[in-house]
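Structure record follows, encoded as structure tokens.
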Amino acid sequence: MPTRILPAVGDPDAARAVATLLGQLPDAEPAPPVPDSTQLVDTLARLAAESLDALPEVVLVHERIGPVPALDLVREVALRFPAVGVVLITADTGPGLLAAAMDAGARGLATLPLGYEELAGRVQAAAQWSAGFRRHLGGGATELAAGPGGTVVTVSGAKGGVGTTLAAVHLALAARAAGRTVALVDLDLQSGDIASYLDVQFRRSAADLAAIADLSPRVLQDAVYVHETGLSLLLAPAEGERGEEVTDRAARQIVSALRARHEVVVVDCGSRLDSANAAAVEMADTALLVTTPDVIAVRAAKRTVRMWERLQVRKAEASVVLVNRHSRATEIQPPLVQKITGTRIAGVTVPAAYKELQAVVDAGRLHELDARSTVKQALWTLAAELGLTGPPTAPAPGKQLARAGDRGSLGLRRRGGGR
């Protein structure tokens with residue numbers, strides 16, 4: 001049986017060299033190289049959604065792949081697609097990189113400049129490991145093809161005051177009511193209000209996890225507050241300036257750790273784009289953008305979508321816009337919002353019914369909103385539409401990988417520094 005190989009090489013010259021060598025390997029079936037980390041993960045996700053057998057046995061990751069740093073990409077592929085053997089192609093032969101690559105989940109290293117014998121040996125070893133792993137999976141192969149972890153949904157606001165936190169909280173509550181294990185994360189790091197909406201006082205926050213390299217279950221348990229509803233809350237720091245401690249790499253690690261332990265992770269990203277919530281939006285299965293049907297908010301939604309595209313955070317067609325405070329009398333209707341933003345529009349709109357919310361918002365008891373509330377009904381219907389209240393679904397085709405690491409999600413492609 002031929003060994004299917006998917007190379008991820010950003011540099012065209014290096015891609016041609018790798019393709020030439022792969023074409024000489026016996027019993028090899030190399031696919032055309034993918035030019036960046038996003039396309040690699042999207043391709044693997046699409047194949048995994050078909051079946052385990054559709055996945056390649058070996059993935060080659062070049063050290064200069066982008067925008068995600070190579071080691072972060074190796075770790076993400078190893079976590080999400082454990083049946084695939086990953087080989088890192090690098091010029092660094094030091095023991096430090098070898099240890100880091102093994103820790104990330106690589107099955108081997110091929111050193112630059114590439115040689116036929118070494119590459120053949122590394123590919124063969126990774127392919128044998130992959131075949132053995134798949135045999136071990138047996139009947140459960142289909143379920144484990146895409147690796148461990150739950151569904152991640154980010155909720156961002158086109159601007160302040162459009163109902164971002166309201167939507168995030170009720171999406172999480174709907175998933176919890178359906179029996180799912182749910183983490184609700186406040187990555188609106190300077191002005192997060194989840195604690196206020198749910199009447200919580202807790203001194204731990206996401207900032208306390210920022211400098212920790214290994215987020216063990218015990219460390220997470222100390223930082224997460226278990227709410228009376230059963231939600232696992234990771235809150236924004238009470239001191240807004242501490243939000244700067246949460247880098248894109250820290251955010252990616254936090255979301256990955258929570259995803260590995262919960263069926264659903266809902267992330268409130270607020271209306272301000274920084275490196276941390278940009279990383280979360282990139283790695284989300286669904287990126288929800290909340291707007292209201294007025295000119296200022298819709299313009300802000302369009303700005304946000306275009307900024308996500310410019311910074312390579314997420315493509316417009318891979319985002320979902322939710323229209324909040326909607327009424328039939330509003331001049332701006334959902335189809336127009338969809339046309340302006342170029343995104344997919346949610347199948348449900350949230351009605352303008354603030355009187356239903358005022359009492360629970362003022363009391364900080366948003367989870368006690370009456371089941372007859374039209375706002376609650378709309379948001380829980382949205383949760384079902386996004387697959388949060390039913391069996392876990394395959395990632396959306398537009399899922400993006402977090403562009404975390406040395407480059408930073410914002411620090412970045414357009415300019416050299418961080419925030």
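Labels for the structure tokens follow display order: chains A, B, ..., residues from 1 in each chain, ligands from 1.
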Write out as a tab-separated table (two decimals) with N, CA and C atoms, in the first residue's frame each polymer residue whose atoms come within 12 Å of Ser271 in chain A, counting only C-alpha atoms; drop sequence neighbours fewer than 6 positions from it.
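Listed below is the output, selection36.tsv:
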chain	number	residue	atom	x	y	z
A	154	THR	N	-15.95	31.23	19.36
A	154	THR	CA	-15.62	32.57	19.85
A	154	THR	C	-16.78	33.52	19.54
A	155	VAL	N	-17.02	34.44	20.45
A	155	VAL	CA	-18.07	35.44	20.27
A	155	VAL	C	-17.42	36.81	20.37
A	156	SER	N	-17.43	37.55	19.27
A	156	SER	CA	-16.83	38.87	19.21
A	156	SER	C	-17.89	39.91	18.92
A	157	GLY	N	-17.64	41.13	19.34
A	157	GLY	CA	-18.59	42.20	19.09
A	157	GLY	C	-18.09	43.14	18.02
A	158	ALA	N	-19.00	43.57	17.14
A	158	ALA	CA	-18.62	44.55	16.12
A	158	ALA	C	-18.17	45.85	16.79
A	159	LYS	N	-18.80	46.17	17.89
A	159	LYS	CA	-18.44	47.32	18.71
A	159	LYS	C	-18.95	47.05	20.12
A	160	GLY	N	-18.60	47.93	21.04
A	160	GLY	CA	-19.08	47.75	22.40
A	160	GLY	C	-20.59	47.91	22.50
A	161	GLY	N	-21.21	47.15	23.40
A	161	GLY	CA	-22.62	47.31	23.67
A	161	GLY	C	-23.57	46.62	22.73
A	162	VAL	N	-23.08	45.72	21.89
A	162	VAL	CA	-23.98	45.04	20.94
A	162	VAL	C	-24.54	43.73	21.48
A	163	GLY	N	-24.09	43.32	22.67
A	163	GLY	CA	-24.62	42.09	23.27
A	163	GLY	C	-23.70	40.90	23.16
A	164	THR	N	-22.41	41.13	23.09
A	164	THR	CA	-21.45	40.03	22.93
A	164	THR	C	-21.47	39.09	24.12
A	165	THR	N	-21.36	39.63	25.32
A	165	THR	CA	-21.31	38.79	26.51
A	165	THR	C	-22.63	38.08	26.75
A	186	ASP	N	-13.48	34.30	29.43
A	186	ASP	CA	-13.58	35.75	29.21
A	186	ASP	C	-12.23	36.26	28.72
A	187	LEU	N	-12.10	36.41	27.40
A	187	LEU	CA	-10.87	36.98	26.83
A	187	LEU	C	-11.06	38.44	26.45
A	188	ASP	N	-12.10	39.07	26.96
A	188	ASP	CA	-12.19	40.53	26.90
A	188	ASP	C	-11.37	41.02	28.08
A	189	LEU	N	-10.05	41.01	27.91
A	189	LEU	CA	-9.12	41.02	29.03
A	189	LEU	C	-9.07	42.32	29.81
A	190	GLN	N	-9.45	43.42	29.20
A	190	GLN	CA	-9.41	44.69	29.91
A	190	GLN	C	-10.76	45.07	30.51
A	191	SER	N	-11.84	44.58	29.93
A	191	SER	CA	-13.16	45.01	30.41
A	191	SER	C	-14.18	43.89	30.39
A	192	GLY	N	-13.74	42.67	30.68
A	192	GLY	CA	-14.65	41.54	30.66
A	192	GLY	C	-15.70	41.62	31.76
A	277	ASN	N	-7.13	37.40	21.86
A	277	ASN	CA	-8.40	36.95	21.30
A	277	ASN	C	-8.31	36.72	19.79
A	278	ALA	N	-7.31	37.32	19.13
A	278	ALA	CA	-7.08	36.99	17.72
A	278	ALA	C	-6.69	35.52	17.57
A	288	LEU	N	-18.16	33.72	15.83
A	288	LEU	CA	-19.42	34.46	15.78
A	288	LEU	C	-19.15	35.94	16.00
A	289	LEU	N	-19.68	36.78	15.14
A	289	LEU	CA	-19.54	38.22	15.26
A	289	LEU	C	-20.92	38.82	15.49
A	290	VAL	N	-21.08	39.52	16.59
A	290	VAL	CA	-22.39	40.07	16.97
A	290	VAL	C	-22.48	41.53	16.55
A	291	THR	N	-23.59	41.88	15.93
A	291	THR	CA	-23.83	43.27	15.55
A	291	THR	C	-25.29	43.60	15.81
A	297	ALA	N	-23.03	50.12	13.79
A	297	ALA	CA	-22.61	48.77	14.17
A	297	ALA	C	-22.29	47.91	12.96
A	300	ALA	N	-19.01	48.83	11.69
A	300	ALA	CA	-17.99	48.28	12.56
A	300	ALA	C	-17.79	46.79	12.31
A	301	ALA	N	-18.88	46.07	12.04
A	301	ALA	CA	-18.78	44.64	11.72
A	301	ALA	C	-17.96	44.44	10.45
A	303	ARG	N	-15.70	46.47	9.28
A	303	ARG	CA	-14.31	46.79	9.61
A	303	ARG	C	-13.62	45.61	10.29
A	304	THR	N	-14.35	44.99	11.22
A	304	THR	CA	-13.77	43.86	11.94
A	304	THR	C	-13.46	42.69	11.01
A	305	VAL	N	-14.41	42.37	10.15
A	305	VAL	CA	-14.20	41.27	9.21
A	305	VAL	C	-13.02	41.55	8.28
**Item:** range 238-400 of chain A: residues DSSP assigns to strand (DSSP E), reported as a list in words
**Value:**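 Written out, the strand (DSSP E) residues of range 238-400 of chain A are Val264, Val265, Val266, Val267, Asp268, Cys269, Gly270, Thr286, Ala287, Leu288, Leu289, Val290, Thr291, Ser319, Val320, Val321, Leu322, Val323, Arg344 and Ile345 of chain A.
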**Prompt:** Quick one: of A:Arg203, A:Arg16, A:His62, A:Arg310, who's nearest to Asp36 in chain A, counting only C-alpha atoms?
**Reply:**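 Smallest separation from Asp36 in chain A among the options: A:His62.
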**Request:** Report the distance between CA of Trp129 in chain A and CA of Asp27 in chain A in Å, rounded to one decimal place.
**Result:** 16.2 Å
**Request:** Grab the CA of Ala178 in chain A to CA of Asp42 in chain A distance for me, in Å with one decimal place.
**Result:** 28.5 Å
**Prompt:** Could you state the separation of CA of Leu382 in chain A and CA of Leu171 in chain A in Å, given to one decimal place?
**Reply:**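 Atom-to-atom, CA of Leu382 in chain A to CA of Leu171 in chain A, that is 7.6 Å.
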**Request:** Within range 278-352 of chain A, find each residue whose DSSP state, derived from the backbone, is alpha helix (DSSP H), and express the selection as a ChimeraX atom specification.
**Result:** /A:278-283,295-310,334-341
**Message:** I need the residue nearest Ala352 in chain A from this list: A:Leu79, A:Ala378, A:Leu198, A:Ala206. Use only C-alpha atoms for the distance.
**Reply:** A:Ala378
**Asked** Smallest atom-to-atom distance to Ser216 in chain A: which of A:Leu388, A:Arg261, A:Arg180, A:Lys355, using only C-alpha atoms?
**Response** A:Arg261
